[in-house]
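A.B. asks: TSV, N, CA and C atoms, file input_22.tsv:
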```
chain	number	residue	atom	x	y	z
A	1	MET	N	0.84	-1.18	0.00
A	1	MET	CA	0.00	0.00	0.00
A	1	MET	C	0.88	1.24	0.00
A	2	LYS	N	0.56	2.19	-0.82
A	2	LYS	CA	1.34	3.42	-0.90
A	2	LYS	C	0.57	4.56	-0.30
A	3	LYS	N	1.27	5.42	0.40
A	3	LYS	CA	0.66	6.62	0.96
A	3	LYS	C	1.07	7.80	0.10
A	4	LYS	N	0.15	8.73	-0.08
A	4	LYS	CA	0.47	9.93	-0.83
A	4	LYS	C	0.71	11.06	0.17
A	5	LEU	N	1.93	11.55	0.22
A	5	LEU	CA	2.32	12.61	1.14
A	5	LEU	C	2.81	13.81	0.35
A	6	HIS	N	2.02	14.87	0.34
A	6	HIS	CA	2.41	16.10	-0.35
A	6	HIS	C	2.86	15.82	-1.79
A	7	ASN	N	2.04	15.10	-2.52
A	7	ASN	CA	2.29	14.77	-3.93
A	7	ASN	C	3.52	13.91	-4.14
A	8	ILE	N	3.97	13.20	-3.11
A	8	ILE	CA	5.09	12.28	-3.22
A	8	ILE	C	4.59	10.91	-2.80
A	9	PHE	N	4.78	9.91	-3.63
A	9	PHE	CA	4.37	8.58	-3.27
A	9	PHE	C	5.46	7.93	-2.44
A	10	CYS	N	5.06	7.35	-1.32
A	10	CYS	CA	6.01	6.78	-0.39
A	10	CYS	C	5.60	5.35	-0.05
A	11	SER	N	6.51	4.45	-0.21
A	11	SER	CA	6.21	3.06	0.12
A	11	SER	C	7.02	2.59	1.33
A	12	CYS	N	7.52	3.52	2.16
A	12	CYS	CA	8.36	3.12	3.28
A	12	CYS	C	7.58	2.37	4.34
A	13	THR	N	6.26	2.60	4.44
A	13	THR	CA	5.49	1.85	5.42
A	13	THR	C	5.34	0.40	5.00
A	14	GLU	N	5.42	0.16	3.72
A	14	GLU	CA	5.28	-1.18	3.21
A	14	GLU	C	6.59	-1.96	3.27
A	15	LYS	N	7.70	-1.34	2.94
A	15	LYS	CA	8.98	-2.03	2.84
A	15	LYS	C	9.96	-1.68	3.94
A	16	LYS	N	9.58	-0.77	4.85
A	16	LYS	CA	10.47	-0.35	5.94
A	16	LYS	C	11.78	0.23	5.41
A	17	ILE	N	11.68	1.16	4.48
A	17	ILE	CA	12.85	1.80	3.88
A	17	ILE	C	13.05	3.15	4.54
A	18	ASP	N	14.30	3.48	4.86
A	18	ASP	CA	14.62	4.74	5.53
A	18	ASP	C	14.62	5.94	4.62
A	19	HIS	N	14.69	5.78	3.32
A	19	HIS	CA	14.90	6.93	2.44
A	19	HIS	C	13.72	7.89	2.41
A	20	CYS	N	12.58	7.52	2.93
A	20	CYS	CA	11.42	8.40	2.88
A	20	CYS	C	11.30	9.30	4.11
A	21	ARG	N	12.02	8.96	5.14
A	21	ARG	CA	11.92	9.75	6.36
A	21	ARG	C	12.63	11.09	6.20
A	22	VAL	N	12.14	12.07	6.95
A	22	VAL	CA	12.78	13.38	6.94
A	22	VAL	C	14.08	13.26	7.71
A	23	ARG	N	15.18	13.63	7.09
A	23	ARG	CA	16.48	13.53	7.74
A	23	ARG	C	16.85	14.88	8.35
A	24	LEU	N	17.29	14.83	9.58
A	24	LEU	CA	17.71	16.05	10.26
A	24	LEU	C	19.23	16.09	10.27
A	25	GLU	N	19.77	17.26	10.05
A	25	GLU	CA	21.22	17.42	10.10
A	25	GLU	C	21.68	17.32	11.55
A	26	ASN	N	22.86	16.78	11.72
A	26	ASN	CA	23.42	16.71	13.07
A	26	ASN	C	23.81	18.10	13.53
A	27	CYS	N	23.65	18.34	14.81
A	27	CYS	CA	24.03	19.63	15.37
A	27	CYS	C	25.54	19.69	15.55
A	28	PRO	N	26.13	20.88	15.42
A	28	PRO	CA	27.58	21.01	15.62
A	28	PRO	C	27.97	20.74	17.08
A	29	ASP	N	29.27	20.66	17.31
A	29	ASP	CA	29.78	20.35	18.64
A	29	ASP	C	29.47	21.44	19.67
A	30	ASN	N	29.30	22.68	19.22
A	30	ASN	CA	29.04	23.77	20.17
A	30	ASN	C	27.55	23.93	20.49
A	31	ALA	N	26.72	22.99	20.08
A	31	ALA	CA	25.29	23.05	20.38
A	31	ALA	C	25.06	22.72	21.85
A	32	ARG	N	24.08	23.42	22.43
A	32	ARG	CA	23.76	23.19	23.84
A	32	ARG	C	22.29	23.53	24.07
A	33	PRO	N	21.70	23.02	25.15
A	33	PRO	CA	20.31	23.38	25.45
A	33	PRO	C	20.18	24.86	25.74
A	34	LEU	N	19.05	25.42	25.42
A	34	LEU	CA	18.80	26.84	25.66
A	34	LEU	C	18.92	27.16	27.14
A	35	SER	N	18.56	26.23	28.00
A	35	SER	CA	18.65	26.47	29.43
A	35	SER	C	20.11	26.62	29.90
A	36	LYS	N	21.07	26.10	29.14
A	36	LYS	CA	22.50	26.22	29.49
A	36	LYS	C	23.17	27.40	28.80
A	37	ALA	N	22.44	28.10	27.93
A	37	ALA	CA	22.99	29.28	27.25
A	37	ALA	C	23.05	30.43	28.23
A	38	CYS	N	24.04	31.29	28.07
A	38	CYS	CA	24.17	32.39	29.02
A	38	CYS	C	24.26	33.72	28.28
A	39	GLY	N	23.86	34.76	28.96
A	39	GLY	CA	23.95	36.10	28.39
A	39	GLY	C	22.80	36.42	27.45
A	40	CYS	N	22.72	37.67	27.08
A	40	CYS	CA	21.70	38.11	26.13
A	40	CYS	C	22.28	38.00	24.73
A	41	GLU	N	22.08	36.87	24.12
A	41	GLU	CA	22.67	36.60	22.81
A	41	GLU	C	21.62	36.10	21.84
A	42	ARG	N	22.04	36.05	20.58
A	42	ARG	CA	21.21	35.45	19.53
A	42	ARG	C	21.71	34.05	19.27
A	43	PHE	N	20.75	33.15	19.09
A	43	PHE	CA	21.07	31.76	18.83
A	43	PHE	C	20.26	31.27	17.64
A	44	LYS	N	20.73	30.20	17.05
A	44	LYS	CA	20.01	29.53	15.98
A	44	LYS	C	19.54	28.20	16.54
A	45	VAL	N	18.25	27.90	16.36
A	45	VAL	CA	17.70	26.64	16.86
A	45	VAL	C	18.20	25.51	15.97
A	46	CYS	N	18.84	24.54	16.58
A	46	CYS	CA	19.39	23.40	15.87
A	46	CYS	C	18.35	22.29	15.78
A	47	LYS	N	17.75	21.95	16.92
A	47	LYS	CA	16.69	20.95	16.91
A	47	LYS	C	15.87	21.06	18.18
A	48	ILE	N	14.70	20.46	18.14
A	48	ILE	CA	13.80	20.41	19.28
A	48	ILE	C	13.70	18.95	19.70
A	49	ARG	N	13.98	18.67	20.94
A	49	ARG	CA	13.81	17.32	21.47
A	49	ARG	C	12.49	17.28	22.23
A	50	GLY	N	12.01	16.10	22.49
A	50	GLY	CA	10.80	15.96	23.30
A	50	GLY	C	9.72	15.20	22.58
A	51	ASP	N	8.59	15.10	23.22
A	51	ASP	CA	7.48	14.36	22.64
A	51	ASP	C	6.75	15.21	21.59
A	52	ARG	N	5.78	14.61	20.95
A	52	ARG	CA	5.04	15.29	19.88
A	52	ARG	C	4.34	16.55	20.37
A	53	LYS	N	3.80	16.49	21.58
A	53	LYS	CA	3.06	17.62	22.13
A	53	LYS	C	3.98	18.83	22.29
A	54	LEU	N	5.16	18.60	22.84
A	54	LEU	CA	6.11	19.70	23.03
A	54	LEU	C	6.57	20.24	21.69
A	55	CYS	N	6.90	19.35	20.74
A	55	CYS	CA	7.35	19.80	19.42
A	55	CYS	C	6.27	20.58	18.70
A	56	ALA	N	5.02	20.14	18.82
A	56	ALA	CA	3.90	20.85	18.19
A	56	ALA	C	3.71	22.23	18.82
A	57	ARG	N	3.84	22.31	20.13
A	57	ARG	CA	3.68	23.60	20.82
A	57	ARG	C	4.79	24.57	20.41
A	58	MET	N	6.00	24.09	20.32
A	58	MET	CA	7.11	24.94	19.90
A	58	MET	C	6.91	25.42	18.45
A	59	ALA	N	6.40	24.55	17.60
A	59	ALA	CA	6.12	24.94	16.21
A	59	ALA	C	5.05	26.02	16.16
A	60	GLN	N	4.03	25.92	17.01
A	60	GLN	CA	2.99	26.95	17.06
A	60	GLN	C	3.56	28.30	17.48
A	61	LEU	N	4.57	28.27	18.35
A	61	LEU	CA	5.19	29.51	18.82
A	61	LEU	C	6.24	30.04	17.85
A	62	GLY	N	6.58	29.27	16.82
A	62	GLY	CA	7.57	29.69	15.84
A	62	GLY	C	8.97	29.23	16.15
A	63	VAL	N	9.13	28.40	17.17
A	63	VAL	CA	10.45	27.88	17.53
A	63	VAL	C	10.67	26.61	16.70
A	64	LEU	N	11.33	26.78	15.57
A	64	LEU	CA	11.57	25.69	14.63
A	64	LEU	C	13.06	25.58	14.33
A	65	PRO	N	13.54	24.40	13.97
A	65	PRO	CA	14.95	24.28	13.57
A	65	PRO	C	15.28	25.24	12.44
A	66	GLY	N	16.37	25.98	12.60
A	66	GLY	CA	16.79	26.96	11.61
A	66	GLY	C	16.37	28.38	11.94
A	67	SER	N	15.43	28.56	12.85
A	67	SER	CA	14.99	29.91	13.19
A	67	SER	C	15.95	30.53	14.21
A	68	GLU	N	16.01	31.87	14.20
A	68	GLU	CA	16.86	32.59	15.15
A	68	GLU	C	16.05	32.96	16.36
A	69	ILE	N	16.69	32.85	17.51
A	69	ILE	CA	16.04	33.12	18.78
A	69	ILE	C	16.98	34.01	19.60
A	70	GLU	N	16.41	34.99	20.29
A	70	GLU	CA	17.23	35.88	21.12
A	70	GLU	C	16.87	35.66	22.58
A	71	LEU	N	17.87	35.34	23.36
A	71	LEU	CA	17.68	35.11	24.78
A	71	LEU	C	17.65	36.47	25.48
A	72	ILE	N	16.49	36.83	26.01
A	72	ILE	CA	16.33	38.14	26.67
A	72	ILE	C	16.74	38.04	28.12
A	73	CYS	N	16.21	37.07	28.79
A	73	CYS	CA	16.48	36.89	30.21
A	73	CYS	C	16.95	35.46	30.41
A	74	PRO	N	18.23	35.27	30.73
A	74	PRO	CA	18.73	33.92	30.93
A	74	PRO	C	17.98	33.20	32.04
A	75	LEU	N	18.03	31.92	31.99
A	75	LEU	CA	17.31	31.08	32.95
A	75	LEU	C	17.89	31.26	34.34
A	76	GLN	N	17.27	32.13	35.14
A	76	GLN	CA	17.72	32.34	36.51
A	76	GLN	C	16.70	31.77	37.48
A	77	SER	N	15.50	31.64	37.00
A	77	SER	CA	14.45	31.06	37.83
A	77	SER	C	13.85	29.89	37.05
A	78	GLU	N	12.57	29.69	37.17
A	78	GLU	CA	11.93	28.59	36.48
A	78	GLU	C	11.58	28.92	35.04
A	79	ASN	N	11.52	30.20	34.68
A	79	ASN	CA	11.13	30.59	33.33
A	79	ASN	C	12.27	31.31	32.62
A	80	CYS	N	12.24	31.24	31.30
A	80	CYS	CA	13.25	31.84	30.45
A	80	CYS	C	12.52	32.66	29.39
A	81	MET	N	12.90	33.91	29.22
A	81	MET	CA	12.24	34.76	28.22
A	81	MET	C	13.09	34.84	26.97
A	82	VAL	N	12.44	34.64	25.82
A	82	VAL	CA	13.13	34.69	24.54
A	82	VAL	C	12.29	35.52	23.56
A	83	ARG	N	12.97	36.07	22.57
A	83	ARG	CA	12.30	36.81	21.50
A	83	ARG	C	12.51	36.02	20.21
A	84	ILE	N	11.42	35.75	19.53
A	84	ILE	CA	11.49	35.04	18.25
A	84	ILE	C	10.46	35.65	17.31
A	85	MET	N	10.89	35.96	16.12
A	85	MET	CA	10.05	36.55	15.08
A	85	MET	C	9.25	37.75	15.58
A	86	GLY	N	9.88	38.59	16.40
A	86	GLY	CA	9.24	39.81	16.88
A	86	GLY	C	8.36	39.64	18.10
A	87	SER	N	8.17	38.42	18.57
A	87	SER	CA	7.33	38.17	19.74
A	87	SER	C	8.21	37.73	20.91
A	88	THR	N	7.78	38.08	22.10
A	88	THR	CA	8.47	37.65	23.30
A	88	THR	C	7.66	36.56	23.96
A	89	ILE	N	8.32	35.44	24.25
A	89	ILE	CA	7.63	34.33	24.90
A	89	ILE	C	8.41	33.88	26.12
A	90	SER	N	7.71	33.28	27.04
A	90	SER	CA	8.33	32.75	28.24
A	90	SER	C	8.28	31.23	28.16
A	91	LEU	N	9.41	30.59	28.38
A	91	LEU	CA	9.51	29.14	28.32
A	91	LEU	C	9.78	28.57	29.69
A	92	ASP	N	9.18	27.44	30.00
A	92	ASP	CA	9.46	26.78	31.27
A	92	ASP	C	10.77	26.00	31.17
A	93	GLN	N	11.20	25.43	32.27
A	93	GLN	CA	12.47	24.72	32.34
A	93	GLN	C	12.52	23.55	31.37
A	94	LEU	N	11.44	22.76	31.28
A	94	LEU	CA	11.40	21.59	30.39
A	94	LEU	C	11.56	22.01	28.93
A	95	SER	N	10.85	23.05	28.53
A	95	SER	CA	10.95	23.53	27.15
A	95	SER	C	12.34	24.04	26.84
A	96	ALA	N	12.91	24.81	27.75
A	96	ALA	CA	14.26	25.36	27.54
A	96	ALA	C	15.31	24.25	27.48
A	97	ASP	N	15.11	23.18	28.23
A	97	ASP	CA	16.04	22.04	28.18
A	97	ASP	C	15.98	21.30	26.87
A	98	ASN	N	14.84	21.33	26.19
A	98	ASN	CA	14.65	20.55	24.97
A	98	ASN	C	14.87	21.33	23.69
A	99	ILE	N	15.23	22.60	23.78
A	99	ILE	CA	15.56	23.41	22.60
A	99	ILE	C	17.08	23.45	22.51
A	100	ILE	N	17.62	22.84	21.48
A	100	ILE	CA	19.07	22.79	21.29
A	100	ILE	C	19.46	23.92	20.35
A	101	VAL	N	20.40	24.77	20.80
A	101	VAL	CA	20.77	25.97	20.04
A	101	VAL	C	22.28	26.02	19.79
A	102	THR	N	22.65	26.81	18.78
A	102	THR	CA	24.04	27.12	18.50
A	102	THR	C	24.15	28.64	18.40
A	103	PRO	N	25.31	29.22	18.65
A	103	PRO	CA	25.46	30.68	18.51
A	103	PRO	C	25.17	31.10	17.06
A	104	ALA	N	24.45	32.21	16.91
A	104	ALA	CA	24.10	32.69	15.56
A	104	ALA	C	25.19	33.55	14.98
```
For this file, write the structure as C-alpha coordinates.
C.D. replies:
Amino acid sequence: MKKKLHNIFCSCTEKKIDHCRVRLENCPDNARPLSKACGCERFKVCKIRGDRKLCARMAQLGVLPGSEIELICPLQSENCMVRIMGSTISLDQLSADNIIVTPA
(Lines of atoms letter the chains of each structure in order from A and count residues from 1; the text may use other names and numbers.)
(Lines give C-alpha, C1' and ligand atoms only; values in the text may rest on other atoms or scores of the structure.)
Protein backbone atom coordinates (compact mmCIF):
# COMPACT_ATOMS: atom_id res chain seq x y z
CA MET A 1 0.00 0.00 0.00
CA LYS A 2 1.34 3.42 -0.90
CA LYS A 3 0.66 6.62 0.96
CA LYS A 4 0.47 9.93 -0.83
CA LEU A 5 2.32 12.61 1.14
CA HIS A 6 2.41 16.10 -0.35
CA ASN A 7 2.29 14.77 -3.93
CA ILE A 8 5.09 12.28 -3.22
CA PHE A 9 4.37 8.58 -3.27
CA CYS A 10 6.01 6.78 -0.39
CA SER A 11 6.21 3.06 0.12
CA CYS A 12 8.36 3.12 3.28
CA THR A 13 5.49 1.85 5.42
CA GLU A 14 5.28 -1.18 3.21
CA LYS A 15 8.98 -2.03 2.84
CA LYS A 16 10.47 -0.35 5.94
CA ILE A 17 12.85 1.80 3.88
CA ASP A 18 14.62 4.74 5.53
CA HIS A 19 14.90 6.93 2.44
CA CYS A 20 11.42 8.40 2.88
CA ARG A 21 11.92 9.75 6.36
CA VAL A 22 12.78 13.38 6.94
CA ARG A 23 16.48 13.53 7.74
CA LEU A 24 17.71 16.05 10.26
CA GLU A 25 21.22 17.42 10.10
CA ASN A 26 23.42 16.71 13.07
CA CYS A 27 24.03 19.63 15.37
CA PRO A 28 27.58 21.01 15.62
CA ASP A 29 29.78 20.35 18.64
CA ASN A 30 29.04 23.77 20.17
CA ALA A 31 25.29 23.05 20.38
CA ARG A 32 23.76 23.19 23.84
CA PRO A 33 20.31 23.38 25.45
CA LEU A 34 18.80 26.84 25.66
CA SER A 35 18.65 26.47 29.43
CA LYS A 36 22.50 26.22 29.49
CA ALA A 37 22.99 29.28 27.25
CA CYS A 38 24.17 32.39 29.02
CA GLY A 39 23.95 36.10 28.39
CA CYS A 40 21.70 38.11 26.13
CA GLU A 41 22.67 36.60 22.81
CA ARG A 42 21.21 35.45 19.53
CA PHE A 43 21.07 31.76 18.83
CA LYS A 44 20.01 29.53 15.98
CA VAL A 45 17.70 26.64 16.86
CA CYS A 46 19.39 23.40 15.87
CA LYS A 47 16.69 20.95 16.91
CA ILE A 48 13.80 20.41 19.28
CA ARG A 49 13.81 17.32 21.47
CA GLY A 50 10.80 15.96 23.30
CA ASP A 51 7.48 14.36 22.64
CA ARG A 52 5.04 15.29 19.88
CA LYS A 53 3.06 17.62 22.13
CA LEU A 54 6.11 19.70 23.03
CA CYS A 55 7.35 19.80 19.42
CA ALA A 56 3.90 20.85 18.19
CA ARG A 57 3.68 23.60 20.82
CA MET A 58 7.11 24.94 19.90
CA ALA A 59 6.12 24.94 16.21
CA GLN A 60 2.99 26.95 17.06
CA LEU A 61 5.19 29.51 18.82
CA GLY A 62 7.57 29.69 15.84
CA VAL A 63 10.45 27.88 17.53
CA LEU A 64 11.57 25.69 14.63
CA PRO A 65 14.95 24.28 13.57
CA GLY A 66 16.79 26.96 11.61
CA SER A 67 14.99 29.91 13.19
CA GLU A 68 16.86 32.59 15.15
CA ILE A 69 16.04 33.12 18.78
CA GLU A 70 17.23 35.88 21.12
CA LEU A 71 17.68 35.11 24.78
CA ILE A 72 16.33 38.14 26.67
CA CYS A 73 16.48 36.89 30.21
CA PRO A 74 18.73 33.92 30.93
CA LEU A 75 17.31 31.08 32.95
CA GLN A 76 17.72 32.34 36.51
CA SER A 77 14.45 31.06 37.83
CA GLU A 78 11.93 28.59 36.48
CA ASN A 79 11.13 30.59 33.33
CA CYS A 80 13.25 31.84 30.45
CA MET A 81 12.24 34.76 28.22
CA VAL A 82 13.13 34.69 24.54
CA ARG A 83 12.30 36.81 21.50
CA ILE A 84 11.49 35.04 18.25
CA MET A 85 10.05 36.55 15.08
CA GLY A 86 9.24 39.81 16.88
CA SER A 87 7.33 38.17 19.74
CA THR A 88 8.47 37.65 23.30
CA ILE A 89 7.63 34.33 24.90
CA SER A 90 8.33 32.75 28.24
CA LEU A 91 9.51 29.14 28.32
CA ASP A 92 9.46 26.78 31.27
CA GLN A 93 12.47 24.72 32.34
CA LEU A 94 11.40 21.59 30.39
CA SER A 95 10.95 23.53 27.15
CA ALA A 96 14.26 25.36 27.54
CA ASP A 97 16.04 22.04 28.18
CA ASN A 98 14.65 20.55 24.97
CA ILE A 99 15.56 23.41 22.60
CA ILE A 100 19.07 22.79 21.29
CA VAL A 101 20.77 25.97 20.04
CA THR A 102 24.04 27.12 18.50
CA PRO A 103 25.46 30.68 18.51
CA ALA A 104 24.10 32.69 15.56
A.B. asks: When distances are computed from all atoms listed in the file, which of A:Ser95, A:Cys27, A:Ala104, A:Met85 shows the smallest separation from Glu41 of chain A?
C.D. replies: A:Ala104
A.B. asks: Find the residues around Thr102 of chain A up to 5 Å (only N, CA and C atoms counted), leave out those fewer than 2 positions away in its own chain, and share them as an MDAnalysis selection string.
C.D. replies: chainID A and resid 31 43:44 46 100 104
A.B. asks: Could you tell me which of A:Val45, A:Cys80, A:Asp97, A:Gly50 comes closest to Leu64 of chain A if we count only N, CA and C atoms?
C.D. replies: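 Selected residue with least distance to Leu64 of chain A: A:Val45.
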A.B. asks: To one decimal place, how far is atom C of Asn98 of chain A from atom C of Arg49 of chain A in Å?
C.D. replies: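 So the answer is 4.9 Å.
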A.B. asks: What is the distance between atom CA of Leu34 of chain A and atom C of Leu94 of chain A, in Å to one decimal?
C.D. replies: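 Separating atom CA of Leu34 of chain A from atom C of Leu94 of chain A is a distance of 9.3 Å.
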A.B. asks: Using Å and a single decimal, report how far atom N of Asn30 of chain A sits from atom N of Asn79 of chain A.
C.D. replies: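 Separation between atom N of Asn79 of chain A and atom N of Asn30 of chain A: 24.7 Å.
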A.B. asks: Within 6 Å of (20.6, 37.2, 24.6), all atoms listed in the file: residues as a list in words?
C.D. replies: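 Selection result: Gly39, Cys40, Glu41, Arg42, Glu70, Leu71 and Ile72 of chain A.
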A.B. asks: Of the candidates A:Cys73, A:Cys38, A:Leu54, A:Ile48, which shows the shortest atom-to-atom distance to Thr88 of chain A, using only C-alpha atoms?
C.D. replies: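 Checking each candidate against Thr88 of chain A, we get A:Cys73 as the closest.
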A.B. asks: As a ChimeraX atom specification, please: every residue in segment 49-99 of chain A that DSSP puts in strand (DSSP E or B).
C.D. replies: /A:68-73,79-84,87-92,99
